[in-house]
Amino acid sequence: MRPPQTVAVLGAGSWGTTFAKIAADSGDSRGVQVRVWARRPEAAEEINATRRNSRYLGDIQLPANLQATDDVAEALNGAQLVVLAVPAQTLRAQLREFKSLVPKDAIILSLMKGLEVGTDARMSQVIAEELEWPQDRIAVLSGPNLAMEIAREEPTASVVACSSIETAGWIASACTTPYFRPYTNTDVIGTEIGGIVKNVIALAVGICEGKQMGDNTKASVMTRGLAETTRLAVALGGKSETLFGLSGMGDLIATCSSSLSRNHTAGRLLAQGLTLDEVTGKMQQTAEGIKSAQAVLDRAIQLGVYMPITENVVAVLQGVISVDELGPRLLARELKAEGVHAP
Ligand SMILES: NC(=O)C1=CN([C@@H]2O[C@H](COP(=O)(O)OP(=O)(O)OC[C@H]3O[C@@H](n4cnc5c(N)ncnc54)[C@H](O)[C@@H]3O)[C@@H](O)[C@H]2O)C=CC1
Ligand SMILES: O=C(CO)COP(=O)(O)O
């Protein structure tokens, strides 16, 4: 199958705009057109007039075959690949609004890393339900993908997951550039869960960092965080090996180490004494872990999966324990053998 000629990206935040740049750079020599839908008309105007999205990407220059619009019908018209990059908790409502405009033969790609509060649904499940789309035409992209580094064209790898390896390969061929290398797999569940739970673990690591704890603490929380992420993914039907790849360990390392991460930053700000409202007000960007943490915990409880780090992060977010109490509680449990599945 020839790679897509027309790509629509819904969401002109940091990752939506950066992915649009990747798709435009990847398809430039094939005459590919990328259209980005921006909620704010002034954002679309700025991209078209100055080739910049300064609110999210500073001075980064966007390619000429990337156009923006605030009209979602225009963005979706004739799109062969539809990429979704809006905050996870808003996706369902947006899909209900846009459903009739999505071309019936399009392939859908989710860039989002959140779990829906109330239903505990993954984004690919929300898409399948709302658009009534077949699994083999819904894919997810996840990995150590801090938008700003990719926008600066720093070499990065990622994973496209879809039940159909042909669909995953088709998408990979539409987003390959000298600075972005997508791998493929068929484990949608493992790939999505890695991206969702690392945000919760990054909140914990951010809090530890904000409390001046060092690298041993961070490495311990990351490693045991990966163990609980893997337990959840496997209980949901994902593969443990996925969690040891780019969308699991890779993303966890990037997010928990980087000051560019919004989740990590949110944790640090909480540790400095800001309230949750103050943190979300100050950041003005999506830190998915703040809302997803509760949904992750709900799902874990339903499935009988032990997720102590997530449990303690939720307790901090709900004000049940203070940020000072988090550190000692993260590893203070009954002694047991190491391992992902150890009882
Ligand atoms: N920024 C990054 O480095 C990465 C982000 N992601 C994921 O991509 C998804 C999108 O993230 P970003 O682009 O970073 O978010 P962002 O906060 O930078 O932008 C979100 C965009 O969605 C728009 N939007 C549309 N409907 C909205 C509504 N009802 N409420 C609020 N905003 C609405 C906003 O105007 C904005 O353009 C998230 O799930 C995130 O976890 C994944 C990998 C990397
Ligand atoms: O998912 C990301 C990197 O892969 C971005 O992380 P944040 O949402 O915490 O910025």
# chains A, B, ... in the order shown; residues from 1 in each chain; ligands from 1

$ residues_near_ligand --ligand "ligand 1" --cutoff "6 Å" --atoms "only C-alpha atoms and all ligand atoms" --output "list in words"
Gly11, Ala12, Gly13, Ser14, Trp15, Gly16, Ala38, Arg39, Ala85, Val86, Pro87, Ala88, Thr90, Leu111, Met112, Lys113, Gly114, Asn145, Leu146, Ala147, Gln285, Thr286 and Glu288 of chain A

$ residues_around --residues "Gln272 of chain A" --least-positions-apart "6" --cutoff "12 Å" --atoms "only C-alpha atoms" --output "JSON, numbers by chain"
{"A": [206, 207, 208, 209, 210, 211, 212, 265, 266, 278, 279, 322, 323, 324]}

$ write_last_selection --atoms "N, CA and C atoms" --output "compact mmCIF listing (two decimals), in the first residue's frame"
# COMPACT_ATOMS: atom_id res chain seq x y z
N GLY A 206 9.20 12.95 40.10
CA GLY A 206 9.25 14.41 40.19
C GLY A 206 9.12 14.87 41.64
N ILE A 207 8.23 14.21 42.39
CA ILE A 207 8.07 14.58 43.80
C ILE A 207 9.36 14.26 44.56
N CYS A 208 9.94 13.10 44.30
CA CYS A 208 11.20 12.73 44.98
C CYS A 208 12.29 13.75 44.66
N GLU A 209 12.36 14.15 43.39
CA GLU A 209 13.39 15.12 43.00
C GLU A 209 13.14 16.46 43.68
N GLY A 210 11.88 16.87 43.70
CA GLY A 210 11.52 18.14 44.36
C GLY A 210 11.85 18.12 45.84
N LYS A 211 11.90 16.93 46.40
CA LYS A 211 12.26 16.78 47.83
C LYS A 211 13.75 16.50 48.00
N GLN A 212 14.52 16.80 46.96
CA GLN A 212 16.00 16.69 46.99
C GLN A 212 16.49 15.27 47.15
N THR A 265 7.60 17.57 35.83
CA THR A 265 7.54 18.95 36.33
C THR A 265 6.41 19.11 37.35
N ALA A 266 5.24 18.52 37.04
CA ALA A 266 4.09 18.63 37.96
C ALA A 266 4.47 18.03 39.31
N GLU A 278 -2.88 24.93 41.58
CA GLU A 278 -1.78 25.86 41.22
C GLU A 278 -0.87 25.23 40.17
N VAL A 279 -0.60 23.94 40.32
CA VAL A 279 0.28 23.25 39.36
C VAL A 279 -0.36 23.25 37.98
N SER A 322 0.68 13.62 52.49
CA SER A 322 1.42 14.80 52.03
C SER A 322 2.59 14.37 51.14
N VAL A 323 3.16 15.32 50.40
CA VAL A 323 4.33 14.98 49.58
C VAL A 323 5.49 14.50 50.45
N ASP A 324 5.56 14.97 51.70
CA ASP A 324 6.65 14.53 52.59
C ASP A 324 6.49 13.06 52.97

$ residues_around --residues "Gly339 of chain A" --least-positions-apart "5" --cutoff "12 Å" --atoms "only C-alpha atoms" --output "PyMOL selection string"
chain A and resi 223-228+230-231

$ residues_around --residues "segment 20-23 of chain A" --least-positions-apart "6" --cutoff "10 Å" --atoms "only C-alpha atoms" --output "PyMOL selection string"
chain A and resi 4+6-12+32-36+61-68+83+150-151+153+171-180

$ write_last_selection --atoms "C-alpha atoms" --output "compact mmCIF listing (two decimals), in the first residue's frame"
# COMPACT_ATOMS: atom_id res chain seq x y z
CA PRO A 4 -0.68 8.35 2.68
CA THR A 6 -2.96 13.43 2.98
CA VAL A 7 -2.53 13.45 6.74
CA ALA A 8 -4.79 15.24 9.25
CA VAL A 9 -3.56 15.92 12.78
CA LEU A 10 -6.23 16.94 15.30
CA GLY A 11 -4.61 18.93 18.11
CA ALA A 12 -1.97 21.63 17.65
CA VAL A 32 2.45 14.77 1.05
CA GLN A 33 0.20 17.45 2.54
CA VAL A 34 -0.29 17.61 6.31
CA ARG A 35 -3.20 19.60 7.79
CA VAL A 36 -3.29 20.38 11.48
CA GLN A 61 10.38 26.34 11.92
CA LEU A 62 7.57 24.17 10.53
CA PRO A 63 7.78 22.80 6.96
CA ALA A 64 5.92 24.41 4.06
CA ASN A 65 3.81 21.28 3.35
CA LEU A 66 2.20 21.62 6.80
CA GLN A 67 -0.87 23.83 6.90
CA ALA A 68 -3.08 24.65 9.89
CA VAL A 83 -3.83 11.49 13.87
CA ILE A 150 12.07 15.81 18.30
CA ALA A 151 11.06 19.25 17.04
CA GLU A 153 15.44 17.04 15.18
CA ILE A 171 2.03 4.33 9.33
CA ALA A 172 5.75 3.84 10.03
CA SER A 173 6.48 4.55 6.37
CA ALA A 174 4.58 7.84 6.73
CA CYS A 175 6.58 9.06 9.74
CA THR A 176 10.18 8.05 9.10
CA THR A 177 12.77 10.83 8.93
CA PRO A 178 16.52 11.04 9.59
CA TYR A 179 15.65 12.17 13.12
CA PHE A 180 12.65 9.87 13.81

$ residues_near_ligand --ligand "ligand 2" --cutoff "8 Å" --atoms "only C-alpha atoms and all ligand atoms" --output "ChimeraX atom specification"
/A:113,142-147,195,199,202,251-252,254-255,260-265,286-289

$ select_by_dssp --residues "segment 4-126 of chain A" --states "strand (DSSP E or B)" --output "VMD selection string"
chain A and resid 6 to 10 33 to 37 66 to 69 81 to 84 107 to 110 115 122

$ residues_around --residues "Lys239 of chain A" --least-positions-apart "3" --cutoff "12 Å" --atoms "only C-alpha atoms" --output "short mmCIF file (atom, residue, chain, number, x, y, z; two decimals) with C-alpha atoms, in the first residue's frame"
data_model
loop_
_atom_site.label_atom_id
_atom_site.label_comp_id
_atom_site.auth_asym_id
_atom_site.auth_seq_id
_atom_site.Cartn_x
_atom_site.Cartn_y
_atom_site.Cartn_z
CA ASN A 185 4.59 -4.21 16.91
CA THR A 186 1.12 -5.75 17.36
CA ASP A 187 0.84 -5.29 21.14
CA VAL A 188 -1.49 -2.29 21.35
CA ILE A 189 -2.35 -2.95 25.01
CA GLY A 190 1.26 -3.16 26.23
CA THR A 191 2.28 -0.15 24.14
CA GLU A 192 -0.55 2.03 25.48
CA ILE A 193 -0.19 0.94 29.11
CA GLY A 194 3.54 1.74 29.08
CA THR A 229 3.35 -1.25 34.92
CA THR A 230 4.25 -4.65 33.49
CA ARG A 231 1.92 -6.45 35.93
CA LEU A 232 -0.99 -4.27 34.80
CA ALA A 233 -0.20 -4.63 31.10
CA VAL A 234 0.03 -8.42 31.35
CA ALA A 235 -3.22 -8.62 33.37
CA LEU A 236 -4.94 -6.67 30.58
CA THR A 242 6.75 -4.69 25.17
CA LEU A 243 7.33 -3.01 28.53
CA PHE A 244 11.06 -3.62 28.26
CA GLY A 245 11.16 -1.80 24.93
CA SER A 247 7.18 2.31 24.84
CA GLY A 248 7.89 0.92 28.33
#

$ atom_distance --atom1 "atom CA of Asn53 of chain A" --atom2 "atom CA of Thr18 of chain A"
9.7 Å

$ atom_distance --atom1 "atom CA of Leu335 of chain A" --atom2 "atom CA of Gly250 of chain A"
27.7 Å

$ atom_distance --atom1 "atom CA of Leu270 of chain A" --atom2 "atom CA of Asp298 of chain A"
22.6 Å

$ select_by_dssp --residues "segment 31-222 of chain A" --states "helix (DSSP H, G or I)" --output "mmCIF file with N, CA and C atoms, in the first residue's frame"
data_model
loop_
_atom_site.group_PDB
_atom_site.id
_atom_site.type_symbol
_atom_site.label_atom_id
_atom_site.label_comp_id
_atom_site.auth_asym_id
_atom_site.auth_seq_id
_atom_site.Cartn_x
_atom_site.Cartn_y
_atom_site.Cartn_z
ATOM 1 N N PRO A 41 -8.156 29.807 16.653
ATOM 2 C CA PRO A 41 -7.892 30.338 15.313
ATOM 3 C C PRO A 41 -6.542 31.042 15.232
ATOM 4 N N GLU A 42 -6.149 31.735 16.318
ATOM 5 C CA GLU A 42 -4.878 32.475 16.279
ATOM 6 C C GLU A 42 -3.680 31.519 16.172
ATOM 7 N N ALA A 43 -3.837 30.300 16.702
ATOM 8 C CA ALA A 43 -2.740 29.321 16.581
ATOM 9 C C ALA A 43 -2.606 28.896 15.120
ATOM 10 N N ALA A 44 -3.748 28.648 14.456
ATOM 11 C CA ALA A 44 -3.716 28.257 13.030
ATOM 12 C C ALA A 44 -3.123 29.391 12.198
ATOM 13 N N GLU A 45 -3.553 30.611 12.506
ATOM 14 C CA GLU A 45 -3.040 31.772 11.744
ATOM 15 C C GLU A 45 -1.534 31.906 11.918
ATOM 16 N N GLU A 46 -1.074 31.730 13.139
ATOM 17 C CA GLU A 46 0.371 31.888 13.376
ATOM 18 C C GLU A 46 1.173 30.840 12.594
ATOM 19 N N ILE A 47 0.682 29.595 12.615
ATOM 20 C CA ILE A 47 1.414 28.534 11.897
ATOM 21 C C ILE A 47 1.476 28.872 10.405
ATOM 22 N N ASN A 48 0.338 29.261 9.834
ATOM 23 C CA ASN A 48 0.323 29.526 8.384
ATOM 24 C C ASN A 48 1.132 30.771 8.003
ATOM 25 N N ALA A 49 1.084 31.780 8.871
ATOM 26 C CA ALA A 49 1.754 33.038 8.519
ATOM 27 C C ALA A 49 3.243 33.026 8.833
ATOM 28 N N THR A 50 3.632 32.374 9.934
ATOM 29 C CA THR A 50 5.040 32.496 10.372
ATOM 30 C C THR A 50 5.787 31.168 10.386
ATOM 31 N N SER A 54 4.507 29.190 18.411
ATOM 32 C CA SER A 54 5.428 29.698 19.440
ATOM 33 C C SER A 54 5.002 29.315 20.856
ATOM 34 N N ARG A 55 3.709 29.161 21.091
ATOM 35 C CA ARG A 55 3.262 28.830 22.450
ATOM 36 C C ARG A 55 3.842 27.483 22.903
ATOM 37 N N TYR A 56 3.914 26.533 21.973
ATOM 38 C CA TYR A 56 4.374 25.184 22.345
ATOM 39 C C TYR A 56 5.795 24.880 21.898
ATOM 40 N N LEU A 57 6.206 25.458 20.760
ATOM 41 C CA LEU A 57 7.496 25.029 20.182
ATOM 42 C C LEU A 57 8.459 26.183 19.932
ATOM 43 N N VAL A 72 -12.310 21.954 11.513
ATOM 44 C CA VAL A 72 -11.983 20.529 11.566
ATOM 45 C C VAL A 72 -12.418 19.796 10.295
ATOM 46 N N ALA A 73 -13.497 20.260 9.660
ATOM 47 C CA ALA A 73 -13.960 19.623 8.417
ATOM 48 C C ALA A 73 -12.896 19.773 7.337
ATOM 49 N N GLU A 74 -12.284 20.955 7.280
ATOM 50 C CA GLU A 74 -11.229 21.195 6.292
ATOM 51 C C GLU A 74 -10.016 20.294 6.583
ATOM 52 N N ALA A 75 -9.694 20.165 7.866
ATOM 53 C CA ALA A 75 -8.533 19.330 8.217
ATOM 54 C C ALA A 75 -8.767 17.870 7.824
ATOM 55 N N LEU A 76 -9.987 17.400 8.029
ATOM 56 C CA LEU A 76 -10.263 15.964 7.814
ATOM 57 C C LEU A 76 -10.588 15.621 6.360
ATOM 58 N N ALA A 88 -6.406 13.423 26.705
ATOM 59 C CA ALA A 88 -7.138 12.150 26.754
ATOM 60 C C ALA A 88 -8.565 12.302 27.278
ATOM 61 N N GLN A 89 -8.732 13.142 28.283
ATOM 62 C CA GLN A 89 -10.066 13.232 28.897
ATOM 63 C C GLN A 89 -11.070 13.972 28.000
ATOM 64 N N THR A 90 -10.599 14.597 26.939
ATOM 65 C CA THR A 90 -11.514 15.318 26.034
ATOM 66 C C THR A 90 -11.803 14.521 24.760
ATOM 67 N N LEU A 91 -11.119 13.392 24.582
ATOM 68 C CA LEU A 91 -11.195 12.694 23.287
ATOM 69 C C LEU A 91 -12.612 12.243 22.940
ATOM 70 N N ARG A 92 -13.298 11.598 23.893
ATOM 71 C CA ARG A 92 -14.604 11.018 23.575
ATOM 72 C C ARG A 92 -15.570 12.097 23.067
ATOM 73 N N ALA A 93 -15.619 13.222 23.790
ATOM 74 C CA ALA A 93 -16.539 14.304 23.393
ATOM 75 C C ALA A 93 -16.166 14.835 22.010
ATOM 76 N N GLN A 94 -14.864 14.938 21.760
ATOM 77 C CA GLN A 94 -14.431 15.466 20.448
ATOM 78 C C GLN A 94 -14.784 14.499 19.328
ATOM 79 N N LEU A 95 -14.609 13.206 19.569
ATOM 80 C CA LEU A 95 -14.928 12.238 18.513
ATOM 81 C C LEU A 95 -16.422 12.260 18.193
ATOM 82 N N ARG A 96 -17.245 12.447 19.227
ATOM 83 C CA ARG A 96 -18.703 12.517 18.989
ATOM 84 C C ARG A 96 -19.018 13.687 18.069
ATOM 85 N N GLU A 97 -18.295 14.782 18.269
ATOM 86 C CA GLU A 97 -18.523 15.984 17.466
ATOM 87 C C GLU A 97 -18.038 15.787 16.017
ATOM 88 N N PHE A 98 -16.904 15.067 15.848
ATOM 89 C CA PHE A 98 -16.242 15.005 14.532
ATOM 90 C C PHE A 98 -16.586 13.760 13.724
ATOM 91 N N LYS A 99 -17.278 12.805 14.370
ATOM 92 C CA LYS A 99 -17.426 11.465 13.775
ATOM 93 C C LYS A 99 -17.830 11.491 12.296
ATOM 94 N N SER A 100 -18.853 12.293 11.974
ATOM 95 C CA SER A 100 -19.388 12.255 10.602
ATOM 96 C C SER A 100 -18.379 12.825 9.586
ATOM 97 N N LEU A 101 -17.343 13.516 10.085
ATOM 98 C CA LEU A 101 -16.382 14.152 9.172
ATOM 99 C C LEU A 101 -15.162 13.274 8.868
ATOM 100 N N MET A 123 -7.134 4.883 24.987
ATOM 101 C CA MET A 123 -7.561 5.778 23.897
ATOM 102 C C MET A 123 -7.972 4.993 22.645
ATOM 103 N N SER A 124 -7.277 3.884 22.363
ATOM 104 C CA SER A 124 -7.657 3.096 21.175
ATOM 105 C C SER A 124 -9.042 2.479 21.371
ATOM 106 N N GLN A 125 -9.409 2.204 22.622
ATOM 107 C CA GLN A 125 -10.747 1.668 22.880
ATOM 108 C C GLN A 125 -11.805 2.754 22.716
ATOM 109 N N VAL A 126 -11.491 3.959 23.186
ATOM 110 C CA VAL A 126 -12.436 5.078 23.020
ATOM 111 C C VAL A 126 -12.675 5.326 21.521
ATOM 112 N N ILE A 127 -11.588 5.268 20.746
ATOM 113 C CA ILE A 127 -11.704 5.501 19.291
ATOM 114 C C ILE A 127 -12.580 4.413 18.652
ATOM 115 N N ALA A 128 -12.310 3.149 19.012
ATOM 116 C CA ALA A 128 -13.083 2.035 18.423
ATOM 117 C C ALA A 128 -14.564 2.184 18.763
ATOM 118 N N GLU A 129 -14.847 2.565 20.011
ATOM 119 C CA GLU A 129 -16.248 2.685 20.438
ATOM 120 C C GLU A 129 -16.946 3.847 19.744
ATOM 121 N N GLU A 130 -16.319 5.002 19.770
ATOM 122 C CA GLU A 130 -16.999 6.206 19.280
ATOM 123 C C GLU A 130 -17.077 6.273 17.755
ATOM 124 N N LEU A 131 -16.006 5.840 17.081
ATOM 125 C CA LEU A 131 -16.034 5.909 15.601
ATOM 126 C C LEU A 131 -16.590 4.626 14.995
ATOM 127 N N GLN A 135 -10.471 -2.708 14.591
ATOM 128 C CA GLN A 135 -9.167 -2.679 15.297
ATOM 129 C C GLN A 135 -7.994 -2.571 14.326
ATOM 130 N N ASP A 136 -8.114 -3.228 13.168
ATOM 131 C CA ASP A 136 -6.954 -3.253 12.274
ATOM 132 C C ASP A 136 -6.741 -1.926 11.542
ATOM 133 N N ARG A 137 -7.621 -0.933 11.827
ATOM 134 C CA ARG A 137 -7.391 0.412 11.254
ATOM 135 C C ARG A 137 -7.223 1.469 12.355
ATOM 136 N N ALA A 147 8.398 16.011 22.952
ATOM 137 C CA ALA A 147 8.127 16.717 21.699
ATOM 138 C C ALA A 147 9.238 17.709 21.325
ATOM 139 N N MET A 148 9.679 18.479 22.290
ATOM 140 C CA MET A 148 10.626 19.554 21.968
ATOM 141 C C MET A 148 11.944 19.002 21.399
ATOM 142 N N GLU A 149 12.401 17.875 21.930
ATOM 143 C CA GLU A 149 13.658 17.299 21.418
ATOM 144 C C GLU A 149 13.487 16.841 19.968
ATOM 145 N N ILE A 150 12.316 16.288 19.667
ATOM 146 C CA ILE A 150 12.067 15.811 18.296
ATOM 147 C C ILE A 150 11.898 17.010 17.361
ATOM 148 N N ALA A 151 11.222 18.035 17.846
ATOM 149 C CA ALA A 151 11.062 19.251 17.035
ATOM 150 C C ALA A 151 12.428 19.843 16.681
ATOM 151 N N ILE A 165 -0.096 -5.765 11.477
ATOM 152 C CA ILE A 165 1.297 -5.311 11.304
ATOM 153 C C ILE A 165 1.456 -4.549 9.986
ATOM 154 N N GLU A 166 0.572 -4.835 9.021
ATOM 155 C CA GLU A 166 0.623 -4.101 7.741
ATOM 156 C C GLU A 166 0.238 -2.633 7.981
ATOM 157 N N THR A 167 -0.822 -2.421 8.772
ATOM 158 C CA THR A 167 -1.229 -1.041 9.079
ATOM 159 C C THR A 167 -0.105 -0.316 9.827
ATOM 160 N N ALA A 168 0.491 -1.018 10.806
ATOM 161 C CA ALA A 168 1.583 -0.387 11.579
ATOM 162 C C ALA A 168 2.735 -0.004 10.642
ATOM 163 N N GLY A 169 3.047 -0.887 9.706
ATOM 164 C CA GLY A 169 4.138 -0.614 8.758
ATOM 165 C C GLY A 169 3.809 0.553 7.835
ATOM 166 N N TRP A 170 2.532 0.626 7.437
ATOM 167 C CA TRP A 170 2.082 1.716 6.560
ATOM 168 C C TRP A 170 2.252 3.055 7.276
ATOM 169 N N ILE A 171 1.878 3.081 8.563
ATOM 170 C CA ILE A 171 2.029 4.326 9.333
ATOM 171 C C ILE A 171 3.517 4.636 9.524
ATOM 172 N N ALA A 172 4.305 3.607 9.831
ATOM 173 C CA ALA A 172 5.753 3.840 10.032
ATOM 174 C C ALA A 172 6.369 4.461 8.781
ATOM 175 N N SER A 173 5.895 4.009 7.609
ATOM 176 C CA SER A 173 6.475 4.550 6.369
ATOM 177 C C SER A 173 6.077 6.021 6.172
ATOM 178 N N ALA A 174 5.031 6.453 6.867
ATOM 179 C CA ALA A 174 4.583 7.844 6.733
ATOM 180 C C ALA A 174 5.208 8.763 7.781
ATOM 181 N N VAL A 188 -0.901 -3.619 21.095
ATOM 182 C CA VAL A 188 -1.489 -2.295 21.350
ATOM 183 C C VAL A 188 -1.658 -2.072 22.855
ATOM 184 N N ILE A 189 -2.094 -3.101 23.566
ATOM 185 C CA ILE A 189 -2.351 -2.946 25.010
ATOM 186 C C ILE A 189 -1.051 -2.600 25.748
ATOM 187 N N GLY A 190 -0.008 -3.412 25.534
ATOM 188 C CA GLY A 190 1.265 -3.164 26.227
ATOM 189 C C GLY A 190 1.830 -1.797 25.874
ATOM 190 N N THR A 191 1.724 -1.428 24.592
ATOM 191 C CA THR A 191 2.277 -0.149 24.140
ATOM 192 C C THR A 191 1.536 1.015 24.803
ATOM 193 N N GLU A 192 0.210 0.925 24.858
ATOM 194 C CA GLU A 192 -0.547 2.031 25.478
ATOM 195 C C GLU A 192 -0.320 2.097 26.992
ATOM 196 N N ILE A 193 -0.332 0.936 27.638
ATOM 197 C CA ILE A 193 -0.189 0.938 29.106
ATOM 198 C C ILE A 193 1.175 1.502 29.517
ATOM 199 N N GLY A 194 2.219 1.183 28.775
ATOM 200 C CA GLY A 194 3.545 1.737 29.082
ATOM 201 C C GLY A 194 3.513 3.257 29.092
ATOM 202 N N GLY A 195 2.867 3.840 28.071
ATOM 203 C CA GLY A 195 2.810 5.299 27.951
ATOM 204 C C GLY A 195 1.940 5.942 29.014
ATOM 205 N N ILE A 196 0.894 5.241 29.411
ATOM 206 C CA ILE A 196 -0.036 5.804 30.412
ATOM 207 C C ILE A 196 0.598 5.786 31.809
ATOM 208 N N VAL A 197 1.129 4.617 32.197
ATOM 209 C CA VAL A 197 1.573 4.480 33.600
ATOM 210 C C VAL A 197 2.888 5.219 33.852
ATOM 211 N N LYS A 198 3.732 5.355 32.805
ATOM 212 C CA LYS A 198 4.989 6.092 33.055
ATOM 213 C C LYS A 198 4.704 7.527 33.482
ATOM 214 N N ASN A 199 3.576 8.076 33.080
ATOM 215 C CA ASN A 199 3.237 9.438 33.524
ATOM 216 C C ASN A 199 2.995 9.478 35.033
ATOM 217 N N VAL A 200 2.382 8.417 35.557
ATOM 218 C CA VAL A 200 2.115 8.349 37.003
ATOM 219 C C VAL A 200 3.440 8.165 37.759
ATOM 220 N N ILE A 201 4.298 7.302 37.205
ATOM 221 C CA ILE A 201 5.597 7.069 37.855
ATOM 222 C C ILE A 201 6.441 8.356 37.789
ATOM 223 N N ALA A 202 6.315 9.103 36.684
ATOM 224 C CA ALA A 202 7.069 10.367 36.557
ATOM 225 C C ALA A 202 6.606 11.393 37.595
ATOM 226 N N LEU A 203 5.322 11.363 37.946
ATOM 227 C CA LEU A 203 4.852 12.252 39.029
ATOM 228 C C LEU A 203 5.581 11.891 40.326
ATOM 229 N N ALA A 204 5.673 10.571 40.602
ATOM 230 C CA ALA A 204 6.354 10.120 41.834
ATOM 231 C C ALA A 204 7.827 10.536 41.811
ATOM 232 N N VAL A 205 8.490 10.319 40.684
ATOM 233 C CA VAL A 205 9.914 10.674 40.587
ATOM 234 C C VAL A 205 10.101 12.190 40.705
ATOM 235 N N GLY A 206 9.196 12.946 40.100
ATOM 236 C CA GLY A 206 9.251 14.410 40.194
ATOM 237 C C GLY A 206 9.123 14.867 41.641
ATOM 238 N N ILE A 207 8.235 14.215 42.385
ATOM 239 C CA ILE A 207 8.067 14.577 43.803
ATOM 240 C C ILE A 207 9.363 14.261 44.563
ATOM 241 N N CYS A 208 9.940 13.096 44.302
ATOM 242 C CA CYS A 208 11.205 12.728 44.981
ATOM 243 C C CYS A 208 12.294 13.754 44.658
ATOM 244 N N GLU A 209 12.361 14.147 43.391
ATOM 245 C CA GLU A 209 13.387 15.119 42.995
ATOM 246 C C GLU A 209 13.144 16.463 43.677
ATOM 247 N N GLY A 210 11.880 16.867 43.702
ATOM 248 C CA GLY A 210 11.522 18.135 44.361
ATOM 249 C C GLY A 210 11.846 18.116 45.841
ATOM 250 N N ASP A 215 19.730 10.055 42.944
ATOM 251 C CA ASP A 215 19.558 9.132 41.827
ATOM 252 C C ASP A 215 19.218 7.711 42.258
ATOM 253 N N ASN A 216 19.688 7.290 43.439
ATOM 254 C CA ASN A 216 19.312 5.943 43.890
ATOM 255 C C ASN A 216 17.803 5.860 44.040
ATOM 256 N N THR A 217 17.228 6.875 44.683
ATOM 257 C CA THR A 217 15.783 6.874 44.912
ATOM 258 C C THR A 217 15.047 6.837 43.584
ATOM 259 N N LYS A 218 15.494 7.703 42.647
ATOM 260 C CA LYS A 218 14.787 7.788 41.358
ATOM 261 C C LYS A 218 14.885 6.469 40.600
ATOM 262 N N ALA A 219 16.087 5.870 40.594
ATOM 263 C CA ALA A 219 16.253 4.594 39.877
ATOM 264 C C ALA A 219 15.413 3.498 40.528
ATOM 265 N N SER A 220 15.321 3.519 41.849
ATOM 266 C CA SER A 220 14.533 2.498 42.545
ATOM 267 C C SER A 220 13.059 2.641 42.193
ATOM 268 N N VAL A 221 12.565 3.871 42.194
ATOM 269 C CA VAL A 221 11.141 4.095 41.895
ATOM 270 C C VAL A 221 10.846 3.759 40.431
ATOM 271 N N MET A 222 11.766 4.134 39.544
ATOM 272 C CA MET A 222 11.553 3.821 38.115
ATOM 273 C C MET A 222 11.512 2.315 37.888
#

$ residues_around --residues "Asp105 of chain A" --least-positions-apart "4" --cutoff "10 Å" --atoms "only C-alpha atoms" --output "list of chain:residue names"
A:Gly78, A:Ala79, A:Gln80, A:Leu81, A:Trp133, A:Arg137

$ write_last_selection --atoms "C-alpha atoms" --output "mmCIF file, in the first residue's frame"
data_model
loop_
_atom_site.group_PDB
_atom_site.id
_atom_site.type_symbol
_atom_site.label_atom_id
_atom_site.label_comp_id
_atom_site.auth_asym_id
_atom_site.auth_seq_id
_atom_site.Cartn_x
_atom_site.Cartn_y
_atom_site.Cartn_z
ATOM 1 C CA GLY A 78 -9.857 13.475 2.183
ATOM 2 C CA ALA A 79 -7.409 12.486 4.947
ATOM 3 C CA GLN A 80 -6.025 8.956 4.570
ATOM 4 C CA LEU A 81 -4.311 9.058 7.950
ATOM 5 C CA TRP A 133 -13.847 1.585 13.621
ATOM 6 C CA ARG A 137 -7.391 0.412 11.254
#
